[in-house]
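> Data: input-v2.cif, mmCIF, C-alpha atoms.
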data_final
loop_
_atom_site.label_atom_id
_atom_site.label_comp_id
_atom_site.auth_asym_id
_atom_site.auth_seq_id
_atom_site.Cartn_x
_atom_site.Cartn_y
_atom_site.Cartn_z
CA MET Y 33 8.86 -106.01 30.83
CA ALA Y 34 10.54 -104.00 28.15
CA GLY Y 35 9.02 -100.73 29.30
CA ASP Y 36 5.36 -99.84 29.48
CA SER Y 37 4.81 -98.52 25.98
CA ILE Y 38 5.03 -99.79 22.44
CA THR Y 39 6.80 -97.98 19.67
CA GLN Y 40 5.82 -98.29 16.04
CA ARG Y 41 9.24 -99.73 15.33
CA GLU Y 42 8.53 -102.61 17.71
CA VAL Y 43 5.48 -103.78 15.83
CA THR Y 44 6.68 -103.95 12.26
CA ARG Y 45 5.55 -106.62 9.85
CA ARG Y 46 9.16 -107.70 9.31
CA GLN Y 47 9.49 -108.77 12.92
CA LEU Y 48 6.28 -110.70 12.79
CA ILE Y 49 7.16 -112.54 9.60
CA ALA Y 50 10.50 -113.43 11.14
CA GLY Y 51 8.56 -114.81 14.10
CA GLY Y 52 6.43 -117.00 11.84
CA VAL Y 53 3.03 -115.35 12.18
CA GLY Y 54 0.52 -113.49 10.06
CA ALA Y 55 -0.17 -110.03 11.40
CA VAL Y 56 -1.18 -106.44 11.00
CA GLY Y 57 0.44 -103.71 13.01
CA GLY Y 58 2.48 -106.07 15.11
CA LEU Y 59 -0.39 -108.03 16.64
CA VAL Y 60 -0.74 -111.73 16.04
CA VAL Y 61 -3.87 -112.64 14.15
CA GLY Y 62 -2.99 -116.16 13.09
CA GLY Y 63 -1.13 -119.18 14.41
CA LEU Y 64 2.22 -118.84 16.13
CA ALA Y 65 4.95 -121.05 14.72
CA GLY Y 66 7.20 -122.99 17.04
CA GLY Y 67 7.91 -126.39 18.52
CA ALA Y 68 5.28 -127.97 20.71
CA LEU Y 69 5.77 -129.33 24.18
CA ALA Y 70 2.83 -131.72 24.20
CA PRO Y 71 1.51 -133.19 27.46
CA LYS Y 72 3.72 -136.07 28.53
CA ALA Y 73 4.89 -137.81 31.65
CA THR Y 74 6.94 -135.68 34.01
CA GLY Y 75 7.59 -138.63 36.27
CA THR Y 76 7.50 -142.40 36.15
CA SER Y 77 5.39 -143.57 39.10
CA GLY Y 78 2.57 -141.34 40.33
CA GLY Y 79 2.55 -141.11 44.10
CA SER Y 80 5.63 -143.22 44.75
CA ARG Y 81 7.37 -140.29 46.46
CA GLY Y 82 4.30 -138.83 48.11
CA SER Y 83 1.77 -136.15 47.22
CA ILE Y 84 1.67 -132.45 46.41
CA LYS Y 85 -1.22 -130.32 47.66
CA VAL Y 86 -2.47 -128.19 44.77
CA VAL Y 87 -5.12 -125.56 45.55
CA GLY Y 88 -7.15 -123.71 42.94
CA ILE Y 89 -8.96 -120.52 43.92
CA PHE Y 90 -11.57 -119.34 41.44
CA PRO Y 91 -14.69 -117.10 41.34
CA ILE Y 92 -17.06 -119.93 40.41
CA GLY Y 93 -20.07 -118.92 42.50
CA GLY Y 94 -20.43 -115.23 41.75
CA VAL Y 95 -20.79 -112.57 39.08
CA ILE Y 96 -17.96 -113.86 36.88
CA ALA Y 97 -18.76 -117.54 37.41
CA SER Y 98 -18.65 -118.29 33.67
CA ASP Y 99 -15.02 -117.19 33.54
CA GLY Y 100 -14.28 -118.82 36.89
CA LYS Y 101 -15.41 -122.15 35.49
CA GLU Y 102 -12.98 -121.75 32.60
CA MET Y 103 -10.15 -121.15 35.08
CA GLN Y 104 -11.15 -124.14 37.19
CA ASN Y 105 -11.41 -126.45 34.18
CA GLY Y 106 -8.02 -125.40 32.83
CA VAL Y 107 -6.26 -126.20 36.11
CA LYS Y 108 -8.17 -129.45 36.61
CA MET Y 109 -7.33 -130.63 33.11
CA ALA Y 110 -3.62 -130.01 33.62
CA VAL Y 111 -3.62 -131.68 37.05
CA ASP Y 112 -5.51 -134.71 35.76
CA GLU Y 113 -3.20 -135.09 32.77
CA ILE Y 114 -0.12 -134.96 34.97
CA ASN Y 115 -1.54 -137.58 37.34
CA ALA Y 116 -2.64 -139.79 34.44
CA SER Y 117 0.83 -139.69 32.94
CA GLY Y 118 2.58 -140.89 36.09
CA GLY Y 119 2.56 -137.89 38.39
CA LEU Y 120 5.12 -135.12 38.73
CA ILE Y 121 8.60 -136.54 39.34
CA GLY Y 122 6.95 -139.36 41.30
CA TYR Y 123 4.47 -137.21 43.25
CA HIS Y 124 0.69 -137.42 42.95
CA LEU Y 125 -1.14 -134.09 42.77
CA ASP Y 126 -3.92 -133.79 45.37
CA TYR Y 127 -6.24 -131.09 44.07
CA VAL Y 128 -8.57 -128.90 46.16
CA VAL Y 129 -10.82 -126.15 44.80
CA ILE Y 130 -11.84 -123.06 46.80
CA ASP Y 131 -14.62 -120.77 45.56
CA ASP Y 132 -14.01 -117.09 46.26
CA LYS Y 133 -17.44 -116.29 44.77
CA ASP Y 134 -17.55 -112.61 43.72
CA SER Y 135 -13.83 -112.29 44.53
CA SER Y 136 -14.37 -109.28 46.76
CA THR Y 137 -11.55 -108.23 49.05
CA ASP Y 138 -13.02 -110.15 52.00
CA GLN Y 139 -13.74 -113.25 49.94
CA ILE Y 140 -10.25 -113.30 48.45
CA THR Y 141 -8.72 -112.89 51.89
CA THR Y 142 -10.79 -115.76 53.32
CA ALA Y 143 -9.99 -118.06 50.40
CA PHE Y 144 -6.24 -117.48 50.44
CA ASN Y 145 -6.00 -117.72 54.21
CA ARG Y 146 -7.70 -121.11 53.97
CA ALA Y 147 -5.32 -122.18 51.21
CA VAL Y 148 -2.16 -121.44 53.21
CA SER Y 149 -3.35 -122.10 56.77
CA VAL Y 150 -5.87 -124.94 56.45
CA GLU Y 151 -5.05 -126.70 53.18
CA LYS Y 152 -1.29 -126.15 53.57
CA ALA Y 153 -0.96 -125.68 49.83
CA ASP Y 154 2.31 -126.53 48.11
CA VAL Y 155 1.14 -124.38 45.21
CA ILE Y 156 -1.86 -122.16 44.50
CA PHE Y 157 -3.38 -121.42 41.10
CA SER Y 158 -5.88 -118.74 40.10
CA GLY Y 159 -7.06 -116.92 37.04
CA TYR Y 160 -7.90 -113.36 38.04
CA HIS Y 161 -9.86 -111.76 40.89
CA LEU Y 162 -12.02 -108.65 40.70
CA ALA Y 163 -10.48 -107.17 43.86
CA SER Y 164 -6.99 -108.50 43.22
CA GLY Y 165 -4.48 -107.34 45.80
CA PRO Y 166 -4.90 -108.91 49.27
CA GLU Y 167 -3.79 -112.35 48.09
CA PHE Y 168 -0.22 -111.30 47.36
CA ASP Y 169 0.77 -110.49 50.93
CA ILE Y 170 -1.02 -113.57 52.27
CA VAL Y 171 0.97 -115.80 49.93
CA ALA Y 172 4.22 -113.92 50.46
CA ASN Y 173 3.94 -114.00 54.25
CA ALA Y 174 3.28 -117.75 54.12
CA GLY Y 175 6.29 -118.36 51.86
CA ALA Y 176 4.06 -120.14 49.35
CA LEU Y 177 4.01 -120.52 45.56
CA TYR Y 178 1.25 -118.81 43.57
CA TYR Y 179 0.69 -118.75 39.79
CA ASN Y 180 -2.02 -116.60 38.17
CA VAL Y 181 -3.10 -114.78 35.02
CA ASN Y 182 -4.16 -111.49 36.60
CA THR Y 183 -2.91 -109.49 33.59
CA GLN Y 184 -1.99 -106.47 35.70
CA ILE Y 185 0.77 -103.88 35.50
CA ALA Y 186 0.05 -103.26 39.20
CA TRP Y 187 1.58 -106.68 39.92
CA VAL Y 188 4.77 -105.76 38.05
CA ASN Y 189 5.09 -102.59 40.11
CA ARG Y 190 4.45 -104.50 43.31
CA TYR Y 191 7.04 -107.15 42.48
CA LYS Y 192 9.70 -104.66 41.37
CA GLY Y 193 9.21 -102.79 44.64
CA ALA Y 194 9.92 -105.87 46.79
CA PRO Y 195 11.23 -108.85 44.80
CA ALA Y 196 12.66 -110.49 47.90
CA LYS Y 197 9.18 -110.55 49.43
CA TYR Y 198 7.21 -111.75 46.39
CA TRP Y 199 9.68 -114.37 45.14
CA GLY Y 200 7.05 -117.14 45.01
CA ILE Y 201 4.44 -115.39 42.85
CA PHE Y 202 4.25 -115.52 39.05
CA GLN Y 203 1.84 -113.84 36.65
CA THR Y 204 1.98 -116.19 33.68
CA ASP Y 205 0.69 -113.71 31.12
CA PRO Y 206 1.53 -110.16 29.99
CA THR Y 207 -0.01 -107.06 31.56
CA GLU Y 208 -3.10 -105.17 30.45
CA SER Y 209 -0.95 -102.18 29.45
CA TRP Y 210 -0.44 -103.70 25.99
CA TYR Y 211 -4.13 -103.83 25.06
CA GLY Y 212 -4.87 -100.23 24.20
CA GLN Y 213 -1.44 -99.30 22.89
CA GLY Y 214 -1.31 -102.32 20.63
CA PHE Y 215 -4.79 -101.85 19.19
CA ALA Y 216 -4.02 -98.20 18.40
CA TYR Y 217 -1.10 -99.23 16.19
CA TRP Y 218 -3.08 -102.09 14.70
CA VAL Y 219 -6.04 -99.98 13.59
CA ASP Y 220 -3.85 -97.10 12.37
CA GLN Y 221 -1.72 -99.39 10.23
CA ALA Y 222 -4.84 -101.06 8.86
CA LEU Y 223 -6.16 -97.66 7.83
CA ARG Y 224 -2.89 -96.61 6.21
CA ALA Y 225 -2.75 -99.92 4.34
CA GLY Y 226 -6.20 -99.26 2.87
CA GLN Y 227 -7.76 -102.13 4.80
CA LEU Y 228 -10.19 -100.11 6.89
CA ASN Y 229 -12.98 -98.38 5.00
CA VAL Y 230 -13.51 -95.21 7.01
CA SER Y 231 -13.39 -91.58 5.95
CA ALA Y 232 -11.93 -89.89 9.05
CA LYS Y 233 -9.37 -90.63 11.77
CA THR Y 234 -11.83 -90.22 14.61
CA TYR Y 235 -12.54 -92.30 17.70
CA SER Y 236 -14.61 -92.51 20.86
CA ILE Y 237 -13.77 -94.25 24.15
CA ILE Y 238 -15.97 -95.95 26.72
CA SER Y 239 -13.62 -96.92 29.53
CA GLY Y 240 -14.12 -99.34 32.36
CA LYS Y 241 -13.73 -97.30 35.54
CA SER Y 242 -11.59 -99.89 37.35
CA ALA Y 243 -7.82 -99.41 37.47
CA TYR Y 244 -7.57 -102.24 34.93
CA GLY Y 245 -10.02 -100.65 32.48
CA THR Y 246 -8.47 -97.22 32.95
CA VAL Y 247 -4.94 -98.43 32.16
CA ILE Y 248 -6.20 -100.01 28.93
CA ALA Y 249 -8.25 -97.01 27.77
CA THR Y 250 -5.53 -94.51 28.66
CA GLY Y 251 -2.97 -96.53 26.71
CA PHE Y 252 -5.17 -96.49 23.61
CA ASP Y 253 -5.99 -92.79 23.96
CA THR Y 254 -2.35 -91.78 24.37
CA VAL Y 255 -1.04 -93.69 21.36
CA ILE Y 256 -3.93 -93.07 18.96
CA LYS Y 257 -3.60 -89.31 19.56
CA GLN Y 258 0.10 -89.53 18.79
CA LEU Y 259 -0.84 -91.19 15.51
CA GLY Y 260 -2.96 -88.20 14.51
CA TRP Y 261 -6.47 -89.40 15.37
CA ASN Y 262 -9.07 -87.09 16.90
CA GLN Y 263 -11.17 -87.97 19.93
CA LEU Y 264 -14.89 -87.22 19.63
CA THR Y 265 -16.26 -88.53 22.95
CA ASN Y 266 -14.89 -90.13 26.12
CA ASP Y 267 -17.11 -91.76 28.72
CA GLY Y 268 -16.83 -94.39 31.46
CA VAL Y 269 -18.86 -97.22 33.00
CA SER Y 270 -18.52 -99.34 36.13
CA GLU Y 271 -17.77 -102.89 35.01
CA GLY Y 272 -20.46 -105.40 35.91
CA ALA Y 273 -22.91 -102.64 36.81
CA VAL Y 274 -24.21 -101.09 33.60
CA PRO Y 275 -28.02 -101.00 33.88
CA ASP Y 276 -28.61 -99.46 30.46
CA TRP Y 277 -26.17 -98.89 27.60
CA GLY Y 278 -28.59 -96.58 25.77
CA PRO Y 279 -27.49 -93.20 27.22
CA VAL Y 280 -23.75 -93.73 26.89
CA LEU Y 281 -24.03 -95.25 23.40
CA SER Y 282 -26.32 -92.47 22.20
CA LYS Y 283 -23.47 -89.99 22.63
CA VAL Y 284 -21.22 -92.18 20.52
CA LYS Y 285 -23.81 -92.70 17.81
CA GLN Y 286 -24.43 -88.97 17.55
CA ALA Y 287 -20.69 -88.40 17.11
CA ALA Y 288 -20.39 -91.34 14.64
CA PRO Y 289 -16.63 -91.99 15.09
CA SER Y 290 -14.69 -94.30 12.82
CA VAL Y 291 -13.59 -96.38 15.81
CA LEU Y 292 -15.22 -97.04 19.19
CA PHE Y 293 -12.80 -98.40 21.79
CA THR Y 294 -14.23 -99.93 24.99
CA SER Y 295 -12.49 -101.46 28.02
CA ASP Y 296 -15.29 -103.03 30.06
CA PHE Y 297 -14.07 -106.64 30.51
CA SER Y 298 -17.42 -108.07 31.69
CA PRO Y 299 -18.87 -110.60 29.21
CA ALA Y 300 -22.44 -109.78 30.26
CA ASP Y 301 -21.83 -106.04 29.92
CA ASP Y 302 -20.20 -106.47 26.53
CA ALA Y 303 -23.04 -108.66 25.25
CA ALA Y 304 -25.64 -106.14 26.40
CA MET Y 305 -23.65 -103.37 24.74
CA ALA Y 306 -23.48 -105.35 21.48
CA LYS Y 307 -27.25 -105.74 21.44
CA SER Y 308 -27.81 -102.06 22.18
CA TRP Y 309 -25.36 -101.04 19.49
CA ALA Y 310 -26.80 -103.40 16.87
CA ALA Y 311 -30.25 -101.88 17.28
CA SER Y 312 -29.10 -98.70 15.46
CA PRO Y 313 -25.40 -98.87 14.54
CA THR Y 314 -23.31 -96.23 12.84
CA LYS Y 315 -20.51 -96.90 10.39
CA THR Y 316 -18.02 -97.54 13.19
CA LEU Y 317 -15.48 -100.27 13.91
CA VAL Y 318 -16.35 -101.38 17.45
CA TYR Y 319 -13.70 -102.84 19.77
CA GLN Y 320 -14.50 -104.71 22.97
CA GLN Y 321 -11.79 -105.78 25.39
CA TYR Y 322 -11.57 -109.37 26.61
CA GLY Y 323 -15.25 -110.05 27.48
CA PRO Y 324 -16.06 -111.81 24.18
CA SER Y 325 -13.38 -114.40 24.93
CA VAL Y 326 -15.77 -116.04 27.42
CA PRO Y 327 -18.34 -118.46 25.88
CA GLU Y 328 -21.12 -116.75 27.84
CA TYR Y 329 -20.70 -113.68 25.62
CA LEU Y 330 -21.91 -115.28 22.41
CA ASN Y 331 -24.72 -117.04 24.22
CA LEU Y 332 -25.96 -113.64 25.37
CA ALA Y 333 -25.08 -111.47 22.37
CA GLY Y 334 -26.02 -113.85 19.57
CA SER Y 335 -26.01 -112.26 16.13
CA ALA Y 336 -25.51 -108.79 17.62
CA ALA Y 337 -21.83 -109.73 18.01
CA ASN Y 338 -21.33 -109.82 14.24
CA GLY Y 339 -18.55 -107.48 13.13
CA ILE Y 340 -17.37 -106.46 16.60
CA VAL Y 341 -13.62 -106.78 17.05
CA TRP Y 342 -12.10 -107.81 20.36
CA ALA Y 343 -8.69 -108.74 21.70
CA THR Y 344 -6.81 -110.51 24.46
CA VAL Y 345 -3.15 -110.68 25.47
CA LEU Y 346 -3.90 -114.14 26.91
CA GLY Y 347 -5.22 -115.93 23.86
CA LEU Y 348 -5.77 -119.61 23.13
CA LEU Y 349 -4.07 -119.89 19.74
CA PRO Y 350 -5.65 -121.55 16.70
CA ASP Y 351 -2.56 -123.63 15.95
CA LYS Y 352 -1.83 -127.33 16.51
CA ILE Y 353 -1.14 -126.92 20.23
CA GLY Y 354 -4.21 -124.79 20.80
CA ASN Y 355 -6.48 -126.99 18.70
CA ASP Y 356 -5.24 -130.18 20.37
CA PHE Y 357 -6.09 -128.56 23.69
CA ARG Y 358 -9.55 -127.65 22.40
CA SER Y 359 -10.17 -131.26 21.36
CA ARG Y 360 -9.08 -132.68 24.72
CA TYR Y 361 -11.09 -130.05 26.60
CA GLN Y 362 -14.19 -130.89 24.56
CA ALA Y 363 -13.75 -134.59 25.29
CA LYS Y 364 -13.30 -133.96 29.02
CA PHE Y 365 -15.90 -131.29 29.73
CA GLY Y 366 -18.37 -131.70 26.87
CA GLN Y 367 -17.92 -128.17 25.57
CA GLN Y 368 -15.32 -126.00 23.90
CA PRO Y 369 -13.09 -123.70 25.99
CA GLY Y 370 -13.20 -119.95 25.70
CA TRP Y 371 -10.33 -118.01 24.20
CA ALA Y 372 -8.41 -117.07 27.35
CA ASN Y 373 -8.56 -118.42 30.89
CA ALA Y 374 -9.01 -122.15 30.27
CA GLY Y 375 -5.82 -122.29 28.23
CA GLY Y 376 -4.05 -119.69 30.34
CA CYS Y 377 -4.67 -121.53 33.62
CA TYR Y 378 -3.77 -124.85 32.00
CA ASP Y 379 -0.47 -123.29 30.93
CA SER Y 380 0.17 -121.97 34.46
CA VAL Y 381 0.11 -125.49 35.88
CA ASN Y 382 2.53 -126.73 33.25
CA VAL Y 383 4.89 -123.81 33.86
CA TRP Y 384 4.96 -124.68 37.56
CA ALA Y 385 5.42 -128.38 36.75
CA ALA Y 386 8.39 -127.53 34.53
CA GLY Y 387 9.88 -125.56 37.42
CA VAL Y 388 9.36 -128.49 39.80
CA ALA Y 389 10.96 -130.92 37.37
CA LYS Y 390 13.93 -128.61 37.03
CA ALA Y 391 14.26 -128.00 40.79
CA GLY Y 392 13.81 -131.69 41.63
CA ASP Y 393 11.83 -131.10 44.84
CA PRO Y 394 8.26 -129.68 44.88
CA LYS Y 395 8.56 -128.94 48.61
CA ASN Y 396 11.55 -126.66 48.15
CA TYR Y 397 9.49 -123.67 47.16
CA LYS Y 398 12.35 -121.25 46.70
CA ALA Y 399 14.14 -123.69 44.41
CA VAL Y 400 10.97 -124.14 42.37
CA ALA Y 401 10.53 -120.37 42.11
CA LYS Y 402 14.14 -119.92 41.04
CA ALA Y 403 13.73 -122.63 38.41
CA THR Y 404 10.46 -121.06 37.19
CA GLU Y 405 12.27 -117.82 36.46
CA SER Y 406 14.22 -119.55 33.68
CA VAL Y 407 11.37 -121.70 32.34
CA ILE Y 408 10.36 -121.19 28.71
CA TRP Y 409 7.12 -123.07 28.13
CA ARG Y 410 5.45 -123.29 24.73
CA GLY Y 411 1.86 -123.54 25.80
CA THR Y 412 -1.62 -123.07 24.40
CA THR Y 413 -1.33 -119.26 24.67
CA GLY Y 414 2.11 -118.95 23.10
CA SER Y 415 5.55 -119.09 24.63
CA ILE Y 416 5.73 -118.23 28.32
CA SER Y 417 8.90 -116.76 29.74
CA PHE Y 418 9.37 -114.27 32.54
CA VAL Y 419 10.61 -110.75 33.17
CA ASP Y 420 9.82 -109.45 36.66
CA HIS Y 421 7.84 -112.66 37.32
CA THR Y 422 5.44 -111.69 34.51
CA GLY Y 423 4.80 -113.15 31.07
CA VAL Y 424 6.31 -111.32 28.11
CA GLN Y 425 4.16 -109.90 25.32
CA PHE Y 426 5.16 -110.56 21.71
CA PRO Y 427 6.16 -108.49 19.78
CA ALA Y 428 6.28 -105.37 21.98
CA GLY Y 429 7.97 -107.01 24.98
CA THR Y 430 10.19 -109.23 22.85
CA ALA Y 431 10.86 -109.51 19.12
CA ASP Y 432 11.43 -113.26 19.56
CA ALA Y 433 8.17 -115.20 19.06
CA SER Y 434 9.65 -118.18 20.91
CA LEU Y 435 9.75 -116.15 24.13
CA GLY Y 436 6.42 -114.32 24.20
CA GLN Y 437 2.65 -114.57 24.25
CA PRO Y 438 0.96 -112.80 21.34
CA HIS Y 439 -1.75 -110.18 21.47
CA ILE Y 440 -4.53 -111.70 19.37
CA ILE Y 441 -7.38 -109.87 17.69
CA VAL Y 442 -10.59 -111.77 17.04
CA ARG Y 443 -14.07 -111.14 15.73
CA PRO Y 444 -17.15 -113.15 16.74
CA ASP Y 445 -18.66 -115.31 14.03
CA PRO Y 446 -21.90 -116.69 15.49
CA GLY Y 447 -23.46 -119.68 13.78
CA ARG Y 448 -20.41 -120.67 11.76
CA ARG Y 449 -17.54 -123.05 12.16
CA ALA Y 450 -14.46 -121.44 13.61
CA GLU Y 451 -11.63 -120.67 11.26
CA GLY Y 452 -9.40 -123.69 10.87
CA GLY Y 453 -12.31 -126.12 10.95
CA VAL Y 454 -12.33 -126.77 14.70
CA ALA Y 455 -15.62 -128.58 15.21
CA GLY Y 456 -17.86 -126.95 17.77
CA ALA Y 457 -15.42 -124.15 18.51
CA VAL Y 458 -16.47 -120.83 19.97
CA HIS Y 459 -17.39 -119.57 16.50
CA GLN Y 460 -14.97 -116.69 16.50
CA ARG Y 461 -12.30 -115.88 14.00
CA HIS Y 462 -8.93 -114.22 14.08
CA VAL Y 463 -9.13 -111.02 12.09
CA ARG Y 464 -6.82 -110.70 9.15
CA ALA Y 465 -6.24 -107.28 7.67
CA ALA Y 466 -8.18 -107.99 4.50
CA GLN Y 467 -11.26 -108.81 6.56
CA LEU Y 468 -11.60 -105.33 8.03
CA ASP Y 469 -13.24 -103.89 4.94
CA GLU Y 470 -15.40 -107.03 4.74
CA ILE Y 471 -16.56 -106.47 8.31
CA ASP Y 472 -17.41 -102.87 7.50
CA ARG Y 473 -19.30 -103.78 4.32
CA ARG Y 474 -21.09 -106.96 5.31
CA ASP Y 475 -21.66 -106.99 9.05
CA ARG Y 476 -22.55 -103.37 9.71
CA PRO Y 477 -25.74 -101.90 8.25
CA ASP Y 478 -25.40 -98.26 7.23
#
Represent the structure of the file as structure tokens.


Amino acid sequence: MAGDSITQREVTRRQLIAGGVGAVGGLVVGGLAGGALAPKATGTSGGSRGSIKVVGIFPIGGVIASDGKEMQNGVKMAVDEINASGGLIGYHLDYVVIDDKDSSTDQITTAFNRAVSVEKADVIFSGYHLASGPEFDIVANAGALYYNVNTQIAWVNRYKGAPAKYWGIFQTDPTESWYGQGFAYWVDQALRAGQLNVSAKTYSIISGKSAYGTVIATGFDTVIKQLGWNQLTNDGVSEGAVPDWGPVLSKVKQAAPSVLFTSDFSPADDAAMAKSWAASPTKTLVYQQYGPSVPEYLNLAGSAANGIVWATVLGLLPDKIGNDFRSRYQAKFGQQPGWANAGGCYDSVNVWAAGVAKAGDPKNYKAVAKATESVIWRGTTGSISFVDHTGVQFPAGTADASLGQPHIIVRPDPGRRAEGGVAGAVHQRHVRAAQLDEIDRRDRPD
């Protein structure tokens, strides 16, 4: 990646307009322009040359099952489309799913050992795992291919420390390090542009205590302080294990900051927090990280989600490519996808397929990995290209919108059609700058 921090220069409006997007503070909040690579045949006769063993490993039977299902559906949809269009350069994809349940260290280890030793996978796909880490050495030692959307700077550090060992592993999205830094610039520029109706540059933080949540919260804290904001409170919670939001939120409500930044990624936690906050809110712009991207969130939070702003660096875009995907997903699974992992995992399969087509032999794993390094795939979540076997974030990681995946900012909109008229969509909207004051005035009681 282009370093681990964003500068204000890197997120200027000029760059974003040049990249064909609407934005505030360098974060994409509308559709990304660019040519589409729609699903099409990557071969001419499915199965004529043999089969490829594709293994998906997802947490579909545990605490993040709602997100695990999104991952599983995204991979299945891509695999089925490839097979229906003639296979991949003449090979049929044989698909096997493994459930790693709560994705604990032991469960991840068992699942990946099965994938490489029993299933003899030609390629493995995952979304993310709560105890991510043991899978990398299992895959590397087996000399296998593995594509995921773990969204972790820890992976970048691991890869850079031993690229010859981890040559077959790709994280097909940017790292979590962009979340907090990017939102700090976004909210500060909105305030300076007169688009955020608050009286003081004050903020509070409730951080997830995992390494992932800590990286995100620390990034926000560091940058927002540099921009002249004052911290009022800073607390932490264990993701997936918050019995009662009352005590931690009471501290925030007493301080009444202009912005509350949280980095608990759990949809259930975030929904419970939204309900607790809505019971007696202060005049505060509330940010939740990732959790609201999962359909389960709105089912749990309901109208309490009104006005809360959230973000993801792996976002299903509301453009033609993203909306076409939504329509096909609805037809296949009878429901709309969430805003992140369904599209992200679907893109991962197509990135791998592009690498196979370029290499010419799906069984030559090193050739496929080498080809993947130079793939540029315009998918549902933006344009996927790689630095250090990791997706590049636009605009901080690259000023070229055709090479990166944008950081999108969204607000829930329960009970309404999604912006852009997508029937039955997740009822969330991308936040434009002018809507910030509207959120403050309409959705938040004083």

> Can you spell out as a PyMOL selection string the set of residues that the PyMOL selection byres ((chain Y and resi 172-176) around 9) selects in the structure I just provided?

chain Y and resi 148-149+153-156+167-171+177-178+197-201+397-398

> May I ask which of the residues Y:Val424, Y:Val326, Y:Ala386, Y:Val291 is the closest one to Ile96 in chain Y, counting all atoms listed in the file?

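Ranking Y:Val424, Y:Val326, Y:Ala386, Y:Val291 by distance to Ile96 in chain Y, first place goes to Y:Val326.
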
> Could you list, as a PyMOL selection string, every residue matched by the PyMOL selection byres ((chain Y and resi 367-372) around 6) in this structure?

chain Y and resi 325-327+346-348+362+365-366+373-376+457

> Rounded to one decimal in Å, what is the spacing between CA of Gln213 in chain Y and CA of Gly268 in chain Y?

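So the two atoms, CA of Gln213 in chain Y and CA of Gly268 in chain Y, lie 18.3 Å apart.
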
> Neighbouring residues of Leu125 in chain Y were defined as those with any atom within 9 Å, considering all atoms listed in the file; residues of the same chain fewer than 5 positions away were excluded. Please report them as a list in words.

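Contacts, with the query itself left out: Gly78, Gly79, Gly82, Ser83, Ile84, Lys85, Val86, Val111, Asp112, Ile114, Asn115, Gly119 and Leu120 of chain Y.
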
> Hey, can you pull every residue with an atom no more than 8 Å from (-2.8, -104.9, 28.3), using only C-alpha atoms, and send it as a VMD selection string?

chain Y and resid 183 to 184 206 to 213 247 to 248 344 to 345

> Considering all atoms listed in the file, can you say which of Y:Ile256, Y:Ile121, Y:Cys377, Y:Ala163 comes closest to Glu102 in chain Y?

Y:Cys377

> Apply the PyMOL selection byres ((chain Y and resi 136) around 10) to the structure shown and report the selected residues as a list in words.

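Applying the expression gives Pro91, Gly94, Asp132, Lys133, Asp134, Ser135, Thr137, Asp138, Gln139, Ile140, Thr141, Thr142, His161, Leu162, Ala163, Ser164 and Pro166 of chain Y.
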
> Just to confirm, what's the straight-line distance from CA of Leu259 in chain Y to CA of Lys241 in chain Y in Å (one decimal)?

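For CA of Leu259 in chain Y relative to CA of Lys241 in chain Y, the distance reads 24.6 Å.
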
> Could you give me, as a count of residues only, the residues that have an atom at most 10 Å away from the point (-15.6, -112.3, 26.2) in the coordinates of the file, using only C-alpha atoms?

26

> Write out N, CA and C atoms for range 81-90 of chain Y, as a PDB file, in the coordinates of the input.


ATOM      1  N   ARG Y  81       6.571-141.133  45.559  1.00  0.00           N
ATOM      2  CA  ARG Y  81       7.370-140.290  46.460  1.00  0.00           C
ATOM      3  C   ARG Y  81       6.500-139.469  47.405  1.00  0.00           C
ATOM      4  N   GLY Y  82       5.183-139.597  47.256  1.00  0.00           N
ATOM      5  CA  GLY Y  82       4.300-138.830  48.110  1.00  0.00           C
ATOM      6  C   GLY Y  82       3.303-138.033  47.299  1.00  0.00           C
ATOM      7  N   SER Y  83       2.786-136.962  47.898  1.00  0.00           N
ATOM      8  CA  SER Y  83       1.770-136.150  47.220  1.00  0.00           C
ATOM      9  C   SER Y  83       2.098-134.666  47.351  1.00  0.00           C
ATOM     10  N   ILE Y  84       1.539-133.904  46.441  1.00  0.00           N
ATOM     11  CA  ILE Y  84       1.670-132.450  46.410  1.00  0.00           C
ATOM     12  C   ILE Y  84       0.275-131.864  46.550  1.00  0.00           C
ATOM     13  N   LYS Y  85       0.082-130.949  47.483  1.00  0.00           N
ATOM     14  CA  LYS Y  85      -1.220-130.320  47.660  1.00  0.00           C
ATOM     15  C   LYS Y  85      -1.322-129.121  46.705  1.00  0.00           C
ATOM     16  N   VAL Y  86      -2.211-129.237  45.759  1.00  0.00           N
ATOM     17  CA  VAL Y  86      -2.470-128.190  44.770  1.00  0.00           C
ATOM     18  C   VAL Y  86      -3.826-127.568  45.085  1.00  0.00           C
ATOM     19  N   VAL Y  87      -3.871-126.261  45.240  1.00  0.00           N
ATOM     20  CA  VAL Y  87      -5.120-125.560  45.550  1.00  0.00           C
ATOM     21  C   VAL Y  87      -5.441-124.583  44.430  1.00  0.00           C
ATOM     22  N   GLY Y  88      -6.661-124.671  43.920  1.00  0.00           N
ATOM     23  CA  GLY Y  88      -7.150-123.710  42.940  1.00  0.00           C
ATOM     24  C   GLY Y  88      -8.176-122.801  43.580  1.00  0.00           C
ATOM     25  N   ILE Y  89      -8.023-121.498  43.380  1.00  0.00           N
ATOM     26  CA  ILE Y  89      -8.960-120.520  43.920  1.00  0.00           C
ATOM     27  C   ILE Y  89      -9.574-119.750  42.762  1.00  0.00           C
ATOM     28  N   PHE Y  90     -10.900-119.899  42.608  1.00  0.00           N
ATOM     29  CA  PHE Y  90     -11.570-119.340  41.440  1.00  0.00           C
ATOM     30  C   PHE Y  90     -12.918-118.726  41.829  1.00  0.00           C
TER      31      PHE Y  90
END
